[in-house]
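The structure file protein-v3.cif is reproduced below (mmCIF, C-alpha atoms, pLDDT in the B column; chains and numbers go by the auth columns).
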```cif
data_start
#
loop_
_atom_site.group_PDB
_atom_site.id
_atom_site.type_symbol
_atom_site.label_atom_id
_atom_site.label_comp_id
_atom_site.label_asym_id
_atom_site.label_seq_id
_atom_site.Cartn_x
_atom_site.Cartn_y
_atom_site.Cartn_z
_atom_site.B_iso_or_equiv
_atom_site.auth_seq_id
_atom_site.auth_asym_id
ATOM 1 C CA VAL A 1 -94.185 39.955 135.974 59.00 292 A
ATOM 2 C CA SER A 2 -90.608 39.701 134.814 76.00 293 A
ATOM 3 C CA TRP A 3 -89.812 37.228 132.044 80.00 294 A
ATOM 4 C CA ARG A 4 -86.295 36.997 133.480 78.00 295 A
ATOM 5 C CA ILE A 5 -87.835 35.419 136.563 78.00 296 A
ATOM 6 C CA LEU A 6 -90.335 33.187 134.779 84.00 297 A
ATOM 7 C CA LEU A 7 -88.312 31.870 131.833 87.00 298 A
ATOM 8 C CA PRO A 8 -85.806 29.740 133.778 86.00 299 A
ATOM 9 C CA ASP A 9 -88.673 28.035 135.633 87.00 300 A
ATOM 10 C CA LEU A 10 -90.607 27.458 132.406 89.00 301 A
ATOM 11 C CA GLN A 11 -87.473 26.086 130.740 90.00 302 A
ATOM 12 C CA ALA A 12 -86.761 23.739 133.658 89.00 303 A
ATOM 13 C CA ALA A 13 -90.362 22.513 133.671 91.00 304 A
ATOM 14 C CA CYS A 14 -90.386 21.910 129.906 92.00 305 A
ATOM 15 C CA GLU A 15 -87.058 20.087 130.007 91.00 306 A
ATOM 16 C CA ALA A 16 -88.225 17.880 132.884 91.00 307 A
ATOM 17 C CA ILE A 17 -91.485 16.985 131.151 92.00 308 A
ATOM 18 C CA THR A 18 -89.684 16.324 127.858 92.00 309 A
ATOM 19 C CA ALA A 19 -87.309 13.983 129.702 92.00 310 A
ATOM 20 C CA GLY A 20 -90.277 12.166 131.258 93.00 311 A
ATOM 21 C CA ARG A 21 -89.730 13.573 134.752 93.00 312 A
ATOM 22 C CA GLU A 22 -92.119 15.467 136.956 92.00 313 A
ATOM 23 C CA ALA A 23 -91.626 19.231 136.760 90.00 314 A
ATOM 24 C CA ARG A 24 -90.362 20.368 140.154 87.00 315 A
ATOM 25 C CA LEU A 25 -89.488 24.000 140.559 83.00 316 A
ATOM 26 C CA GLU A 26 -87.258 25.458 143.242 80.00 317 A
ATOM 27 C CA SER A 27 -89.090 27.080 146.115 80.00 318 A
ATOM 28 C CA VAL A 28 -89.264 30.856 146.154 75.00 319 A
ATOM 29 C CA GLY A 29 -86.830 32.283 148.699 80.00 320 A
ATOM 30 C CA THR A 30 -88.569 35.590 149.362 84.00 321 A
ATOM 31 C CA SER A 31 -91.907 36.678 147.985 84.00 322 A
ATOM 32 C CA PHE A 32 -92.297 40.150 146.548 86.00 323 A
ATOM 33 C CA ARG A 33 -94.683 40.996 149.367 91.00 324 A
ATOM 34 C CA ARG A 34 -92.161 39.946 152.023 92.00 325 A
ATOM 35 C CA TRP A 35 -89.352 41.773 150.213 91.00 326 A
ATOM 36 C CA ALA A 36 -91.438 44.970 150.076 94.00 327 A
ATOM 37 C CA GLY A 37 -92.194 44.637 153.790 95.00 328 A
ATOM 38 C CA MET A 38 -88.507 44.211 154.640 95.00 329 A
ATOM 39 C CA LEU A 39 -87.654 47.199 152.444 94.00 330 A
ATOM 40 C CA TYR A 40 -90.198 49.321 154.315 94.00 331 A
ATOM 41 C CA GLU A 41 -88.783 48.185 157.661 94.00 332 A
ATOM 42 C CA GLN A 42 -85.247 49.050 156.589 94.00 333 A
ATOM 43 C CA ALA A 43 -86.290 52.430 155.175 92.00 334 A
ATOM 44 C CA SER A 44 -87.850 53.457 158.472 92.00 335 A
ATOM 45 C CA ALA A 45 -85.109 52.022 160.719 94.00 336 A
ATOM 46 C CA PRO A 46 -83.222 54.648 162.757 95.00 337 A
ATOM 47 C CA GLU A 47 -79.851 53.763 161.209 94.00 338 A
ATOM 48 C CA ARG A 48 -81.243 54.279 157.675 93.00 339 A
ATOM 49 C CA VAL A 49 -83.015 57.525 158.618 94.00 340 A
ATOM 50 C CA ALA A 50 -79.688 58.771 160.044 96.00 341 A
ATOM 51 C CA GLU A 51 -78.158 58.325 156.554 95.00 342 A
ATOM 52 C CA LEU A 52 -80.732 60.552 154.860 94.00 343 A
ATOM 53 C CA ASP A 53 -78.653 63.756 154.900 95.00 344 A
ATOM 54 C CA ALA A 54 -75.646 61.977 153.382 94.00 345 A
ATOM 55 C CA TRP A 55 -77.757 60.489 150.566 91.00 346 A
ATOM 56 C CA ALA A 56 -79.517 63.807 149.913 92.00 347 A
ATOM 57 C CA ALA A 57 -76.108 65.552 149.671 92.00 348 A
ATOM 58 C CA LEU A 58 -75.218 63.269 146.766 88.00 349 A
ATOM 59 C CA LEU A 59 -78.082 64.791 144.782 90.00 350 A
ATOM 60 C CA GLU A 60 -77.037 68.405 145.331 91.00 351 A
ATOM 61 C CA GLY A 61 -75.404 70.365 142.546 87.00 352 A
ATOM 62 C CA PRO A 62 -75.392 69.768 138.804 86.00 353 A
ATOM 63 C CA GLU A 63 -75.399 66.311 137.266 83.00 354 A
ATOM 64 C CA PRO A 64 -71.775 65.241 136.709 80.00 355 A
ATOM 65 C CA LEU A 65 -70.597 64.756 133.134 79.00 356 A
ATOM 66 C CA LEU A 66 -70.593 61.198 131.858 79.00 357 A
ATOM 67 C CA GLY A 67 -67.240 61.676 130.140 82.00 358 A
ATOM 68 C CA ALA A 68 -64.439 64.218 130.212 84.00 359 A
ATOM 69 C CA ARG A 69 -66.431 66.833 128.260 86.00 360 A
ATOM 70 C CA ALA A 70 -69.980 67.921 127.505 84.00 361 A
ATOM 71 C CA LEU A 71 -71.766 66.226 124.626 85.00 362 A
ATOM 72 C CA ASP A 72 -71.293 67.918 121.252 88.00 363 A
ATOM 73 C CA PRO A 73 -74.333 67.314 118.962 90.00 364 A
ATOM 74 C CA GLU A 74 -72.142 67.876 115.876 90.00 365 A
ATOM 75 C CA ARG A 75 -69.447 65.426 116.963 88.00 366 A
ATOM 76 C CA ASP A 76 -71.247 62.911 119.169 87.00 367 A
ATOM 77 C CA THR A 77 -73.407 61.065 116.651 90.00 368 A
ATOM 78 C CA ALA A 78 -74.054 57.474 115.696 89.00 369 A
ATOM 79 C CA ALA A 79 -71.658 57.950 112.764 88.00 370 A
ATOM 80 C CA THR A 80 -68.737 58.572 115.148 87.00 371 A
ATOM 81 C CA MET A 81 -69.526 55.642 117.404 85.00 372 A
ATOM 82 C CA ARG A 82 -66.831 52.980 117.758 84.00 373 A
ATOM 83 C CA HIS A 83 -67.462 49.276 117.944 82.00 374 A
ATOM 84 C CA ARG A 84 -65.521 46.546 119.710 80.00 375 A
ATOM 85 C CA SER A 85 -65.673 42.830 119.117 84.00 376 A
ATOM 86 C CA TRP A 86 -63.892 39.869 120.610 83.00 377 A
ATOM 87 C CA THR A 87 -63.584 36.234 119.711 89.00 378 A
ATOM 88 C CA LEU A 88 -63.498 33.855 122.644 87.00 379 A
ATOM 89 C CA PRO A 89 -62.349 30.264 122.798 92.00 380 A
ATOM 90 C CA HIS A 90 -65.250 27.812 122.908 92.00 381 A
ATOM 91 C CA ALA A 91 -64.814 26.941 126.608 90.00 382 A
ATOM 92 C CA GLU A 92 -64.988 30.564 127.765 88.00 383 A
ATOM 93 C CA ALA A 93 -67.908 31.339 125.455 87.00 384 A
ATOM 94 C CA ALA A 94 -69.791 28.297 126.754 87.00 385 A
ATOM 95 C CA THR A 95 -69.272 29.473 130.337 86.00 386 A
ATOM 96 C CA LEU A 96 -70.519 32.957 129.494 84.00 387 A
ATOM 97 C CA VAL A 97 -73.751 31.726 127.951 86.00 388 A
ATOM 98 C CA SER A 98 -74.479 28.760 130.197 86.00 389 A
ATOM 99 C CA ARG A 99 -72.999 28.958 133.693 88.00 390 A
ATOM 100 C CA ALA A 100 -72.546 32.678 134.303 87.00 391 A
ATOM 101 C CA PRO A 101 -76.230 33.684 133.886 88.00 392 A
ATOM 102 C CA GLY A 102 -77.281 31.042 136.410 86.00 393 A
ATOM 103 C CA ALA A 103 -74.547 32.004 138.860 87.00 394 A
ATOM 104 C CA PHE A 104 -75.533 35.667 138.770 87.00 395 A
ATOM 105 C CA HIS A 105 -79.301 35.170 138.319 86.00 396 A
ATOM 106 C CA CYS A 106 -79.398 37.156 135.088 87.00 397 A
ATOM 107 C CA GLY A 107 -79.632 36.697 131.337 86.00 398 A
ATOM 108 C CA THR A 108 -76.872 36.073 128.827 86.00 399 A
ATOM 109 C CA GLN A 109 -77.245 39.644 127.553 87.00 400 A
ATOM 110 C CA ASP A 110 -76.541 40.954 131.062 89.00 401 A
ATOM 111 C CA VAL A 111 -73.335 38.895 131.272 86.00 402 A
ATOM 112 C CA LEU A 112 -72.180 40.091 127.867 82.00 403 A
ATOM 113 C CA LEU A 113 -72.975 43.713 128.703 84.00 404 A
ATOM 114 C CA ALA A 114 -71.059 43.472 131.979 84.00 405 A
ATOM 115 C CA ALA A 115 -68.083 41.897 130.194 76.00 406 A
#
```
Output the file's structure as structure tokens, nothing else.
Amino acid sequence: VSWRILLPDLQAACEAITAGREARLESVGTSFRRWAGMLYEQASAPERVAELDAWAALLEGPEPLLGARALDPERDTAATMRHRSWTLPHAEAATLVSRAPGAFHCGTQDVLLAA
């Protein structure tokens, strides 16, 4: 079970109860079982099977380099790592930690990592 899925529901329930309201959770759109069934149907559909050669071709050959050169164990160490930091105005920071995670169904850390 994913905490990312459960925590928003637990938070909503706790907030509702604390405010003296009945805890009402949103209905689940698609169950895992239904999702897995749809995935199986798609995987065996003729149009997906026809794509198999194209997807397999992507895996041929060596793994591409992540950067412009191969990793150098002498040079590429934690000591040479660079850091970046930004300071945001309050309004933008509030959006990042409150509205964006809900809009994209993810956690604050995911929004910050994507930014």
Residues at most 10 Å from range 383-397 of chain A, counting only C-alpha atoms, excluding those fewer than 5 positions away in the same chain, as a PyMOL selection string?
-> chain A and resi 295-296+299+378+402-403+406
Taken to one decimal, the CA of Gly398 in chain A-CA of Trp326 in chain A distance is 21.8 Å
Could you check how far CA of Gly320 in chain A sits from CA of Ala341 in chain A, in Å to one decimal?
-> 29.7 Å
Convert the output of the PyMOL selection byres ((chain A and resi 304) around 8) on the shown file into explicit residues, formatted as a CSV table (one decimal) with C-alpha atoms, in the frame of the given file.
```csv
chain,number,residue,atom,x,y,z
A,300,ASP,CA,-88.7,28.0,135.6
A,301,LEU,CA,-90.6,27.5,132.4
A,302,GLN,CA,-87.5,26.1,130.7
A,303,ALA,CA,-86.8,23.7,133.7
A,305,CYS,CA,-90.4,21.9,129.9
A,306,GLU,CA,-87.1,20.1,130.0
A,307,ALA,CA,-88.2,17.9,132.9
A,308,ILE,CA,-91.5,17.0,131.2
A,313,GLU,CA,-92.1,15.5,137.0
A,314,ALA,CA,-91.6,19.2,136.8
A,315,ARG,CA,-90.4,20.4,140.2
A,316,LEU,CA,-89.5,24.0,140.6
```
Grab the CA of Arg360 in chain A to CA of Ala348 in chain A distance for me, in Å with one decimal place.
->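 Spanning CA of Arg360 in chain A to CA of Ala348 in chain A is a straight-line distance of 23.5 Å.
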